$ cat structure33.txt   # compact mmCIF, N, CA and C atoms
# COMPACT_ATOMS: atom_id res chain seq x y z
N MET A 1 -25.25 -69.08 1.47
CA MET A 1 -24.19 -68.62 0.61
C MET A 1 -22.86 -68.96 1.25
N ALA A 2 -22.11 -69.73 0.57
CA ALA A 2 -20.82 -70.17 1.11
C ALA A 2 -19.76 -69.15 0.76
N LEU A 3 -18.89 -68.87 1.72
CA LEU A 3 -17.80 -67.92 1.49
C LEU A 3 -16.67 -68.61 0.76
N LYS A 4 -16.11 -67.92 -0.18
CA LYS A 4 -14.94 -68.46 -0.87
C LYS A 4 -13.76 -68.41 0.08
N LYS A 5 -12.76 -69.16 -0.24
CA LYS A 5 -11.57 -69.22 0.61
C LYS A 5 -10.90 -67.85 0.72
N GLU A 6 -10.83 -67.10 -0.42
CA GLU A 6 -10.17 -65.79 -0.41
C GLU A 6 -10.97 -64.79 0.44
N ASP A 7 -12.30 -64.85 0.36
CA ASP A 7 -13.13 -63.93 1.14
C ASP A 7 -12.96 -64.20 2.63
N LYS A 8 -12.87 -65.45 2.99
CA LYS A 8 -12.72 -65.82 4.40
C LYS A 8 -11.38 -65.34 4.93
N GLU A 9 -10.32 -65.43 4.08
CA GLU A 9 -9.00 -64.96 4.50
C GLU A 9 -9.01 -63.45 4.72
N ILE A 10 -9.72 -62.74 3.85
CA ILE A 10 -9.79 -61.28 3.98
C ILE A 10 -10.54 -60.91 5.26
N GLN A 11 -11.62 -61.61 5.55
CA GLN A 11 -12.40 -61.31 6.75
C GLN A 11 -11.64 -61.66 8.03
N ASP A 12 -10.77 -62.63 7.96
CA ASP A 12 -10.04 -63.06 9.15
C ASP A 12 -8.80 -62.23 9.42
N GLN A 13 -8.44 -61.32 8.53
CA GLN A 13 -7.24 -60.52 8.74
C GLN A 13 -7.47 -59.52 9.87
N THR A 14 -6.40 -59.26 10.61
CA THR A 14 -6.48 -58.29 11.71
C THR A 14 -5.66 -57.06 11.35
N PHE A 15 -6.04 -55.96 11.96
CA PHE A 15 -5.37 -54.69 11.72
C PHE A 15 -4.83 -54.20 13.05
N VAL A 16 -3.53 -54.00 13.13
CA VAL A 16 -2.90 -53.61 14.39
C VAL A 16 -2.44 -52.16 14.27
N ILE A 17 -2.80 -51.39 15.28
CA ILE A 17 -2.37 -49.99 15.33
C ILE A 17 -1.91 -49.71 16.76
N SER A 18 -0.78 -49.03 16.86
CA SER A 18 -0.25 -48.73 18.19
C SER A 18 -1.01 -47.56 18.80
N VAL A 19 -0.91 -47.45 20.11
CA VAL A 19 -1.57 -46.35 20.82
C VAL A 19 -0.99 -45.01 20.38
N LYS A 20 0.31 -44.98 20.18
CA LYS A 20 0.98 -43.76 19.75
C LYS A 20 0.44 -43.29 18.39
N THR A 21 0.32 -44.21 17.46
CA THR A 21 -0.20 -43.87 16.13
C THR A 21 -1.66 -43.44 16.22
N PHE A 22 -2.44 -44.13 17.06
CA PHE A 22 -3.85 -43.79 17.23
C PHE A 22 -4.01 -42.35 17.73
N PHE A 23 -3.20 -41.97 18.72
CA PHE A 23 -3.29 -40.61 19.24
C PHE A 23 -2.78 -39.58 18.23
N ALA A 24 -1.76 -39.94 17.44
CA ALA A 24 -1.25 -39.03 16.42
C ALA A 24 -2.30 -38.76 15.36
N VAL A 25 -2.98 -39.80 14.92
CA VAL A 25 -4.04 -39.63 13.92
C VAL A 25 -5.18 -38.81 14.53
N GLY A 26 -5.54 -39.11 15.78
CA GLY A 26 -6.60 -38.36 16.45
C GLY A 26 -6.25 -36.88 16.58
N ALA A 27 -5.01 -36.59 16.97
CA ALA A 27 -4.58 -35.19 17.10
C ALA A 27 -4.62 -34.49 15.75
N GLY A 28 -4.21 -35.19 14.70
CA GLY A 28 -4.25 -34.61 13.36
C GLY A 28 -5.67 -34.28 12.94
N LEU A 29 -6.60 -35.20 13.24
CA LEU A 29 -8.01 -34.94 12.90
C LEU A 29 -8.56 -33.76 13.69
N VAL A 30 -8.20 -33.67 14.96
CA VAL A 30 -8.66 -32.54 15.79
C VAL A 30 -8.13 -31.23 15.22
N LEU A 31 -6.88 -31.21 14.80
CA LEU A 31 -6.31 -29.98 14.21
C LEU A 31 -7.03 -29.61 12.92
N LEU A 32 -7.29 -30.60 12.07
CA LEU A 32 -7.98 -30.30 10.82
C LEU A 32 -9.39 -29.77 11.06
N VAL A 33 -10.11 -30.37 11.98
CA VAL A 33 -11.46 -29.90 12.29
C VAL A 33 -11.41 -28.49 12.87
N GLY A 34 -10.44 -28.24 13.75
CA GLY A 34 -10.28 -26.90 14.32
C GLY A 34 -10.00 -25.85 13.27
N GLU A 35 -9.12 -26.16 12.32
CA GLU A 35 -8.81 -25.22 11.24
C GLU A 35 -10.03 -24.97 10.37
N TYR A 36 -10.81 -26.02 10.12
CA TYR A 36 -12.02 -25.87 9.32
C TYR A 36 -13.00 -24.92 10.02
N ILE A 37 -13.15 -25.09 11.31
CA ILE A 37 -14.08 -24.23 12.06
C ILE A 37 -13.61 -22.78 12.04
N VAL A 38 -12.32 -22.56 12.22
CA VAL A 38 -11.77 -21.20 12.18
C VAL A 38 -11.97 -20.59 10.79
N LEU A 39 -11.73 -21.39 9.75
CA LEU A 39 -11.91 -20.89 8.39
C LEU A 39 -13.37 -20.51 8.14
N GLN A 40 -14.29 -21.32 8.60
CA GLN A 40 -15.71 -21.01 8.41
C GLN A 40 -16.10 -19.74 9.15
N SER A 41 -15.57 -19.55 10.36
CA SER A 41 -15.90 -18.33 11.10
C SER A 41 -15.30 -17.10 10.42
N ASP A 42 -14.10 -17.23 9.84
CA ASP A 42 -13.50 -16.11 9.10
C ASP A 42 -14.33 -15.77 7.86
N ILE A 43 -14.84 -16.79 7.20
CA ILE A 43 -15.67 -16.55 6.02
C ILE A 43 -16.96 -15.82 6.42
N GLU A 44 -17.58 -16.24 7.49
CA GLU A 44 -18.81 -15.58 7.95
C GLU A 44 -18.54 -14.14 8.35
N GLU A 45 -17.41 -13.89 9.00
CA GLU A 45 -17.06 -12.52 9.38
C GLU A 45 -16.84 -11.66 8.14
N ALA A 46 -16.18 -12.23 7.14
CA ALA A 46 -15.93 -11.47 5.91
C ALA A 46 -17.23 -11.15 5.20
N LYS A 47 -18.21 -12.03 5.30
CA LYS A 47 -19.51 -11.76 4.66
C LYS A 47 -20.22 -10.59 5.34
N ARG A 48 -20.02 -10.43 6.65
CA ARG A 48 -20.68 -9.36 7.38
C ARG A 48 -20.01 -8.00 7.18
N LEU A 49 -18.75 -7.99 6.82
CA LEU A 49 -18.03 -6.73 6.64
C LEU A 49 -18.56 -6.00 5.41
N PRO A 50 -18.47 -4.67 5.42
CA PRO A 50 -18.92 -3.93 4.23
C PRO A 50 -17.96 -4.17 3.07
N LYS A 51 -18.52 -4.12 1.89
CA LYS A 51 -17.71 -4.34 0.70
C LYS A 51 -16.76 -3.16 0.50
N ALA A 52 -15.60 -3.46 -0.03
CA ALA A 52 -14.61 -2.42 -0.29
C ALA A 52 -15.11 -1.53 -1.43
N ALA A 53 -14.86 -0.26 -1.29
CA ALA A 53 -15.29 0.69 -2.31
C ALA A 53 -14.44 0.51 -3.57
N GLN A 54 -15.08 0.60 -4.69
CA GLN A 54 -14.37 0.51 -5.95
C GLN A 54 -13.59 1.81 -6.18
N VAL A 55 -12.33 1.67 -6.41
CA VAL A 55 -11.50 2.84 -6.66
C VAL A 55 -11.38 3.01 -8.17
N GLU A 56 -11.83 4.14 -8.62
CA GLU A 56 -11.75 4.43 -10.05
C GLU A 56 -10.60 5.38 -10.30
N ILE A 57 -9.81 5.02 -11.27
CA ILE A 57 -8.69 5.88 -11.65
C ILE A 57 -9.10 6.56 -12.95
N THR A 58 -9.11 7.86 -12.91
CA THR A 58 -9.54 8.61 -14.09
C THR A 58 -8.41 8.73 -15.09
N ARG A 59 -8.79 9.02 -16.29
CA ARG A 59 -7.81 9.20 -17.37
C ARG A 59 -6.86 10.36 -17.03
N LEU A 60 -7.39 11.39 -16.40
CA LEU A 60 -6.58 12.54 -16.02
C LEU A 60 -5.48 12.13 -15.04
N GLU A 61 -5.84 11.29 -14.06
CA GLU A 61 -4.84 10.83 -13.09
C GLU A 61 -3.74 10.02 -13.77
N ILE A 62 -4.12 9.19 -14.72
CA ILE A 62 -3.13 8.39 -15.44
C ILE A 62 -2.20 9.30 -16.24
N GLU A 63 -2.79 10.27 -16.92
CA GLU A 63 -1.97 11.20 -17.72
C GLU A 63 -1.03 12.00 -16.83
N MET A 64 -1.53 12.46 -15.69
CA MET A 64 -0.68 13.23 -14.78
C MET A 64 0.46 12.36 -14.23
N ASN A 65 0.13 11.12 -13.91
CA ASN A 65 1.15 10.21 -13.42
C ASN A 65 2.20 9.96 -14.50
N ASN A 66 1.77 9.76 -15.74
CA ASN A 66 2.72 9.56 -16.84
C ASN A 66 3.60 10.79 -17.04
N LYS A 67 2.99 11.98 -16.95
CA LYS A 67 3.79 13.20 -17.09
C LYS A 67 4.83 13.31 -15.98
N LEU A 68 4.42 12.96 -14.78
CA LEU A 68 5.35 13.01 -13.64
C LEU A 68 6.51 12.04 -13.85
N ILE A 69 6.22 10.86 -14.32
CA ILE A 69 7.27 9.86 -14.57
C ILE A 69 8.20 10.34 -15.68
N LEU A 70 7.62 10.88 -16.76
CA LEU A 70 8.44 11.39 -17.86
C LEU A 70 9.32 12.55 -17.39
N GLN A 71 8.78 13.43 -16.57
CA GLN A 71 9.56 14.54 -16.04
C GLN A 71 10.72 14.02 -15.20
N HIS A 72 10.44 13.00 -14.42
CA HIS A 72 11.50 12.40 -13.59
C HIS A 72 12.61 11.83 -14.47
N PHE A 73 12.23 11.13 -15.55
CA PHE A 73 13.23 10.59 -16.47
C PHE A 73 14.04 11.70 -17.12
N GLU A 74 13.38 12.78 -17.49
CA GLU A 74 14.09 13.91 -18.09
C GLU A 74 15.08 14.51 -17.10
N ASP A 75 14.67 14.63 -15.84
CA ASP A 75 15.57 15.16 -14.81
C ASP A 75 16.78 14.24 -14.61
N VAL A 76 16.53 12.96 -14.64
CA VAL A 76 17.63 12.00 -14.48
C VAL A 76 18.58 12.09 -15.68
N GLU A 77 18.03 12.23 -16.87
CA GLU A 77 18.88 12.38 -18.07
C GLU A 77 19.74 13.65 -17.96
N LYS A 78 19.15 14.75 -17.50
CA LYS A 78 19.92 15.99 -17.33
C LYS A 78 21.03 15.80 -16.30
N ASP A 79 20.71 15.12 -15.20
CA ASP A 79 21.72 14.86 -14.18
C ASP A 79 22.86 14.01 -14.74
N ILE A 80 22.52 13.00 -15.54
CA ILE A 80 23.55 12.15 -16.13
C ILE A 80 24.42 12.95 -17.09
N GLU A 81 23.80 13.81 -17.88
CA GLU A 81 24.57 14.65 -18.80
C GLU A 81 25.52 15.56 -18.02
N GLN A 82 25.03 16.13 -16.92
CA GLN A 82 25.85 17.02 -16.11
C GLN A 82 27.01 16.24 -15.49
N ILE A 83 26.75 15.07 -14.98
CA ILE A 83 27.81 14.26 -14.37
C ILE A 83 28.83 13.85 -15.43
N THR A 84 28.34 13.48 -16.61
CA THR A 84 29.26 13.10 -17.71
C THR A 84 30.14 14.29 -18.08
N LYS A 85 29.57 15.48 -18.12
CA LYS A 85 30.34 16.68 -18.44
C LYS A 85 31.41 16.93 -17.37
N GLN A 86 31.03 16.78 -16.11
CA GLN A 86 31.99 16.95 -15.02
C GLN A 86 33.12 15.92 -15.09
N ILE A 87 32.78 14.69 -15.43
CA ILE A 87 33.80 13.64 -15.56
C ILE A 87 34.76 13.98 -16.69
N ASP A 88 34.21 14.45 -17.82
CA ASP A 88 35.07 14.84 -18.94
C ASP A 88 36.01 15.99 -18.56
N GLU A 89 35.48 16.96 -17.81
CA GLU A 89 36.31 18.08 -17.35
C GLU A 89 37.42 17.58 -16.43
N LEU A 90 37.08 16.67 -15.53
CA LEU A 90 38.10 16.13 -14.62
C LEU A 90 39.15 15.33 -15.38
N LYS A 91 38.72 14.57 -16.39
CA LYS A 91 39.69 13.83 -17.21
C LYS A 91 40.65 14.79 -17.91
N GLN A 92 40.07 15.85 -18.45
CA GLN A 92 40.90 16.84 -19.15
C GLN A 92 41.89 17.49 -18.19
N LYS A 93 41.44 17.82 -16.99
CA LYS A 93 42.32 18.45 -16.00
C LYS A 93 43.44 17.49 -15.60
N ILE A 94 43.08 16.23 -15.39
CA ILE A 94 44.11 15.23 -15.03
C ILE A 94 45.11 15.07 -16.17
N TYR A 95 44.60 15.04 -17.41
CA TYR A 95 45.47 14.90 -18.58
C TYR A 95 46.43 16.09 -18.67
N GLU A 96 45.89 17.30 -18.48
CA GLU A 96 46.74 18.50 -18.56
C GLU A 96 47.77 18.52 -17.44
N ASP A 97 47.32 18.18 -16.24
CA ASP A 97 48.25 18.17 -15.10
C ASP A 97 49.34 17.14 -15.30
N PHE A 98 48.99 16.00 -15.86
CA PHE A 98 49.98 14.94 -16.07
C PHE A 98 51.01 15.39 -17.11
N HIS A 99 50.58 16.10 -18.15
CA HIS A 99 51.51 16.55 -19.19
C HIS A 99 52.36 17.73 -18.74
N LEU A 100 51.94 18.43 -17.70
CA LEU A 100 52.73 19.53 -17.18
C LEU A 100 53.84 19.07 -16.23
N MET A 101 53.76 17.83 -15.83
CA MET A 101 54.79 17.32 -14.92
C MET A 101 56.13 17.26 -15.64
N THR A 102 57.17 17.40 -14.87
CA THR A 102 58.51 17.24 -15.44
C THR A 102 58.76 15.76 -15.66
N LYS A 103 59.77 15.44 -16.40
CA LYS A 103 60.09 14.04 -16.67
C LYS A 103 60.36 13.31 -15.37
N HIS A 104 61.06 13.93 -14.42
CA HIS A 104 61.36 13.31 -13.13
C HIS A 104 60.08 13.01 -12.35
N GLU A 105 59.12 13.96 -12.38
CA GLU A 105 57.85 13.74 -11.68
C GLU A 105 57.05 12.61 -12.32
N LYS A 106 57.09 12.53 -13.66
CA LYS A 106 56.38 11.46 -14.36
C LYS A 106 56.96 10.10 -14.02
N ASP A 107 58.30 10.03 -13.96
CA ASP A 107 58.95 8.75 -13.61
C ASP A 107 58.56 8.31 -12.21
N ASN A 108 58.55 9.28 -11.26
CA ASN A 108 58.14 8.95 -9.89
C ASN A 108 56.66 8.55 -9.83
N TYR A 109 55.82 9.21 -10.65
CA TYR A 109 54.39 8.91 -10.67
C TYR A 109 54.16 7.52 -11.25
N ASP A 110 54.87 7.17 -12.32
CA ASP A 110 54.70 5.87 -12.95
C ASP A 110 55.19 4.74 -12.05
N SER A 111 56.19 5.00 -11.23
CA SER A 111 56.73 3.94 -10.38
C SER A 111 55.79 3.60 -9.21
N LYS A 112 54.85 4.47 -8.92
CA LYS A 112 53.92 4.21 -7.81
C LYS A 112 52.95 3.22 -8.22

$ encode --input "structure33.txt" --output "structure tokens"
Amino acid sequence: MALKKEDKEIQDQTFVISVKTFFAVGAGLVLLVGEYIVLQSDIEEAKRLPKAAQVEITRLEIEMNNKLILQHFEDVEKDIEQITKQIDELKQKIYEDFHLMTKHEKDNYDSK
């Protein structure tokens, strides 16, 4: 069987690799094999460990949690209402105090 010219050219080609590249590729392969071995040992260890217990959440726990959250929201709403009331009272006090000032005091206040 005679080789074609193209086949002979392909067979005659050389492949050059530097020592630095050779060691880099070798180190990369060693790291990959090492990681694979560690991963396999972790998998085997996980197989030997006892299975985690299934945690069941009952309907009662969900309802109690919802009630607690709703109560918290209600408390926050009450706090906001109280703070809003206090702000309104302070606004009213500032308004009254400002109107009780004499004209001279108002002019000095406005110039600040």

$ select_by_dssp --input "structure33.txt" --residues "segment 11-85 of chain A" --states "alpha helix (DSSP H)" --output "mmCIF file with N, CA and C atoms, in the coordinates of the input"
data_model
loop_
_atom_site.group_PDB
_atom_site.id
_atom_site.type_symbol
_atom_site.label_atom_id
_atom_site.label_comp_id
_atom_site.auth_asym_id
_atom_site.auth_seq_id
_atom_site.Cartn_x
_atom_site.Cartn_y
_atom_site.Cartn_z
ATOM 1 N N GLN A 11 -11.620 -61.610 5.550
ATOM 2 C CA GLN A 11 -12.400 -61.310 6.750
ATOM 3 C C GLN A 11 -11.640 -61.660 8.030
ATOM 4 N N ASP A 12 -10.770 -62.630 7.960
ATOM 5 C CA ASP A 12 -10.040 -63.060 9.150
ATOM 6 C C ASP A 12 -8.800 -62.230 9.420
ATOM 7 N N VAL A 19 -0.910 -47.450 20.110
ATOM 8 C CA VAL A 19 -1.570 -46.350 20.820
ATOM 9 C C VAL A 19 -0.990 -45.010 20.380
ATOM 10 N N LYS A 20 0.310 -44.980 20.180
ATOM 11 C CA LYS A 20 0.980 -43.760 19.750
ATOM 12 C C LYS A 20 0.440 -43.290 18.390
ATOM 13 N N THR A 21 0.320 -44.210 17.460
ATOM 14 C CA THR A 21 -0.200 -43.870 16.130
ATOM 15 C C THR A 21 -1.660 -43.440 16.220
ATOM 16 N N PHE A 22 -2.440 -44.130 17.060
ATOM 17 C CA PHE A 22 -3.850 -43.790 17.230
ATOM 18 C C PHE A 22 -4.010 -42.350 17.730
ATOM 19 N N PHE A 23 -3.200 -41.970 18.720
ATOM 20 C CA PHE A 23 -3.290 -40.610 19.240
ATOM 21 C C PHE A 23 -2.780 -39.580 18.230
ATOM 22 N N ALA A 24 -1.760 -39.940 17.440
ATOM 23 C CA ALA A 24 -1.250 -39.030 16.420
ATOM 24 C C ALA A 24 -2.300 -38.760 15.360
ATOM 25 N N VAL A 25 -2.980 -39.800 14.920
ATOM 26 C CA VAL A 25 -4.040 -39.630 13.920
ATOM 27 C C VAL A 25 -5.180 -38.810 14.530
ATOM 28 N N GLY A 26 -5.540 -39.110 15.780
ATOM 29 C CA GLY A 26 -6.600 -38.360 16.450
ATOM 30 C C GLY A 26 -6.250 -36.880 16.580
ATOM 31 N N ALA A 27 -5.010 -36.590 16.970
ATOM 32 C CA ALA A 27 -4.580 -35.190 17.100
ATOM 33 C C ALA A 27 -4.620 -34.490 15.750
ATOM 34 N N GLY A 28 -4.210 -35.190 14.700
ATOM 35 C CA GLY A 28 -4.250 -34.610 13.360
ATOM 36 C C GLY A 28 -5.670 -34.280 12.940
ATOM 37 N N LEU A 29 -6.600 -35.200 13.240
ATOM 38 C CA LEU A 29 -8.010 -34.940 12.900
ATOM 39 C C LEU A 29 -8.560 -33.760 13.690
ATOM 40 N N VAL A 30 -8.200 -33.670 14.960
ATOM 41 C CA VAL A 30 -8.660 -32.540 15.790
ATOM 42 C C VAL A 30 -8.130 -31.230 15.220
ATOM 43 N N LEU A 31 -6.880 -31.210 14.800
ATOM 44 C CA LEU A 31 -6.310 -29.980 14.210
ATOM 45 C C LEU A 31 -7.030 -29.610 12.920
ATOM 46 N N LEU A 32 -7.290 -30.600 12.070
ATOM 47 C CA LEU A 32 -7.980 -30.300 10.820
ATOM 48 C C LEU A 32 -9.390 -29.770 11.060
ATOM 49 N N VAL A 33 -10.110 -30.370 11.980
ATOM 50 C CA VAL A 33 -11.460 -29.900 12.290
ATOM 51 C C VAL A 33 -11.410 -28.490 12.870
ATOM 52 N N GLY A 34 -10.440 -28.240 13.750
ATOM 53 C CA GLY A 34 -10.280 -26.900 14.320
ATOM 54 C C GLY A 34 -10.000 -25.850 13.270
ATOM 55 N N GLU A 35 -9.120 -26.160 12.320
ATOM 56 C CA GLU A 35 -8.810 -25.220 11.240
ATOM 57 C C GLU A 35 -10.030 -24.970 10.370
ATOM 58 N N TYR A 36 -10.810 -26.020 10.120
ATOM 59 C CA TYR A 36 -12.020 -25.870 9.320
ATOM 60 C C TYR A 36 -13.000 -24.920 10.020
ATOM 61 N N ILE A 37 -13.150 -25.090 11.310
ATOM 62 C CA ILE A 37 -14.080 -24.230 12.060
ATOM 63 C C ILE A 37 -13.610 -22.780 12.040
ATOM 64 N N VAL A 38 -12.320 -22.560 12.220
ATOM 65 C CA VAL A 38 -11.770 -21.200 12.180
ATOM 66 C C VAL A 38 -11.970 -20.590 10.790
ATOM 67 N N LEU A 39 -11.730 -21.390 9.750
ATOM 68 C CA LEU A 39 -11.910 -20.890 8.390
ATOM 69 C C LEU A 39 -13.370 -20.510 8.140
ATOM 70 N N GLN A 40 -14.290 -21.320 8.600
ATOM 71 C CA GLN A 40 -15.710 -21.010 8.410
ATOM 72 C C GLN A 40 -16.100 -19.740 9.150
ATOM 73 N N SER A 41 -15.570 -19.550 10.360
ATOM 74 C CA SER A 41 -15.900 -18.330 11.100
ATOM 75 C C SER A 41 -15.300 -17.100 10.420
ATOM 76 N N ASP A 42 -14.100 -17.230 9.840
ATOM 77 C CA ASP A 42 -13.500 -16.110 9.100
ATOM 78 C C ASP A 42 -14.330 -15.770 7.860
ATOM 79 N N ILE A 43 -14.840 -16.790 7.200
ATOM 80 C CA ILE A 43 -15.670 -16.550 6.020
ATOM 81 C C ILE A 43 -16.960 -15.820 6.420
ATOM 82 N N GLU A 44 -17.580 -16.240 7.490
ATOM 83 C CA GLU A 44 -18.810 -15.580 7.950
ATOM 84 C C GLU A 44 -18.540 -14.140 8.350
ATOM 85 N N GLU A 45 -17.410 -13.890 9.000
ATOM 86 C CA GLU A 45 -17.060 -12.520 9.380
ATOM 87 C C GLU A 45 -16.840 -11.660 8.140
ATOM 88 N N ALA A 46 -16.180 -12.230 7.140
ATOM 89 C CA ALA A 46 -15.930 -11.470 5.910
ATOM 90 C C ALA A 46 -17.230 -11.150 5.200
ATOM 91 N N LYS A 47 -18.210 -12.030 5.300
ATOM 92 C CA LYS A 47 -19.510 -11.760 4.660
ATOM 93 C C LYS A 47 -20.220 -10.590 5.340
ATOM 94 N N ARG A 48 -20.020 -10.430 6.650
ATOM 95 C CA ARG A 48 -20.680 -9.360 7.380
ATOM 96 C C ARG A 48 -20.010 -8.000 7.180
ATOM 97 N N ARG A 59 -8.790 9.020 -16.290
ATOM 98 C CA ARG A 59 -7.810 9.200 -17.370
ATOM 99 C C ARG A 59 -6.860 10.360 -17.030
ATOM 100 N N LEU A 60 -7.390 11.390 -16.400
ATOM 101 C CA LEU A 60 -6.580 12.540 -16.020
ATOM 102 C C LEU A 60 -5.480 12.130 -15.040
ATOM 103 N N GLU A 61 -5.840 11.290 -14.060
ATOM 104 C CA GLU A 61 -4.840 10.830 -13.090
ATOM 105 C C GLU A 61 -3.740 10.020 -13.770
ATOM 106 N N ILE A 62 -4.120 9.190 -14.720
ATOM 107 C CA ILE A 62 -3.130 8.390 -15.440
ATOM 108 C C ILE A 62 -2.200 9.300 -16.240
ATOM 109 N N GLU A 63 -2.790 10.270 -16.920
ATOM 110 C CA GLU A 63 -1.970 11.200 -17.720
ATOM 111 C C GLU A 63 -1.030 12.000 -16.830
ATOM 112 N N MET A 64 -1.530 12.460 -15.690
ATOM 113 C CA MET A 64 -0.680 13.230 -14.780
ATOM 114 C C MET A 64 0.460 12.360 -14.230
ATOM 115 N N ASN A 65 0.130 11.120 -13.910
ATOM 116 C CA ASN A 65 1.150 10.210 -13.420
ATOM 117 C C ASN A 65 2.200 9.960 -14.500
ATOM 118 N N ASN A 66 1.770 9.760 -15.740
ATOM 119 C CA ASN A 66 2.720 9.560 -16.840
ATOM 120 C C ASN A 66 3.600 10.790 -17.040
ATOM 121 N N LYS A 67 2.990 11.980 -16.950
ATOM 122 C CA LYS A 67 3.790 13.200 -17.090
ATOM 123 C C LYS A 67 4.830 13.310 -15.980
ATOM 124 N N LEU A 68 4.420 12.960 -14.780
ATOM 125 C CA LEU A 68 5.350 13.010 -13.640
ATOM 126 C C LEU A 68 6.510 12.040 -13.850
ATOM 127 N N ILE A 69 6.220 10.860 -14.320
ATOM 128 C CA ILE A 69 7.270 9.860 -14.570
ATOM 129 C C ILE A 69 8.200 10.340 -15.680
ATOM 130 N N LEU A 70 7.620 10.880 -16.760
ATOM 131 C CA LEU A 70 8.440 11.390 -17.860
ATOM 132 C C LEU A 70 9.320 12.550 -17.390
ATOM 133 N N GLN A 71 8.780 13.430 -16.570
ATOM 134 C CA GLN A 71 9.560 14.540 -16.040
ATOM 135 C C GLN A 71 10.720 14.020 -15.200
ATOM 136 N N HIS A 72 10.440 13.000 -14.420
ATOM 137 C CA HIS A 72 11.500 12.400 -13.590
ATOM 138 C C HIS A 72 12.610 11.830 -14.470
ATOM 139 N N PHE A 73 12.230 11.130 -15.550
ATOM 140 C CA PHE A 73 13.230 10.590 -16.470
ATOM 141 C C PHE A 73 14.040 11.700 -17.120
ATOM 142 N N GLU A 74 13.380 12.780 -17.490
ATOM 143 C CA GLU A 74 14.090 13.910 -18.090
ATOM 144 C C GLU A 74 15.080 14.510 -17.100
ATOM 145 N N ASP A 75 14.670 14.630 -15.840
ATOM 146 C CA ASP A 75 15.570 15.160 -14.810
ATOM 147 C C ASP A 75 16.780 14.240 -14.610
ATOM 148 N N VAL A 76 16.530 12.960 -14.640
ATOM 149 C CA VAL A 76 17.630 12.000 -14.480
ATOM 150 C C VAL A 76 18.580 12.090 -15.680
ATOM 151 N N GLU A 77 18.030 12.230 -16.870
ATOM 152 C CA GLU A 77 18.880 12.380 -18.070
ATOM 153 C C GLU A 77 19.740 13.650 -17.960
ATOM 154 N N LYS A 78 19.150 14.750 -17.500
ATOM 155 C CA LYS A 78 19.920 15.990 -17.330
ATOM 156 C C LYS A 78 21.030 15.800 -16.300
ATOM 157 N N ASP A 79 20.710 15.120 -15.200
ATOM 158 C CA ASP A 79 21.720 14.860 -14.180
ATOM 159 C C ASP A 79 22.860 14.010 -14.740
ATOM 160 N N ILE A 80 22.520 13.000 -15.540
ATOM 161 C CA ILE A 80 23.550 12.150 -16.130
ATOM 162 C C ILE A 80 24.420 12.950 -17.090
ATOM 163 N N GLU A 81 23.800 13.810 -17.880
ATOM 164 C CA GLU A 81 24.570 14.650 -18.800
ATOM 165 C C GLU A 81 25.520 15.560 -18.020
ATOM 166 N N GLN A 82 25.030 16.130 -16.920
ATOM 167 C CA GLN A 82 25.850 17.020 -16.110
ATOM 168 C C GLN A 82 27.010 16.240 -15.490
ATOM 169 N N ILE A 83 26.750 15.070 -14.980
ATOM 170 C CA ILE A 83 27.810 14.260 -14.370
ATOM 171 C C ILE A 83 28.830 13.850 -15.430
ATOM 172 N N THR A 84 28.340 13.480 -16.610
ATOM 173 C CA THR A 84 29.260 13.100 -17.710
ATOM 174 C C THR A 84 30.140 14.290 -18.080
ATOM 175 N N LYS A 85 29.570 15.480 -18.120
ATOM 176 C CA LYS A 85 30.340 16.680 -18.440
ATOM 177 C C LYS A 85 31.410 16.930 -17.370
#

$ atom_distance --input "structure33.txt" --atom1 "atom CA of Ala27 of chain A" --atom2 "atom CA of Leu39 of chain A"
18.3 Å

$ atom_distance --input "structure33.txt" --atom1 "atom CA of Ile80 of chain A" --atom2 "atom CA of Asp97 of chain A"
25.4 Å

$ atom_distance --input "structure33.txt" --atom1 "atom CA of Asp7 of chain A" --atom2 "atom CA of Thr21 of chain A"
28.2 Å

$ axis_aligned_box --input "structure33.txt" --around "segment 35-41 of chain A" --padding-each-side "8 Å" --output "AutoDock Vina command-line options"
--center_x -12.5 --center_y -21.6 --center_z 10.2 --size_x 23.3 --size_y 25.1 --size_z 20.2
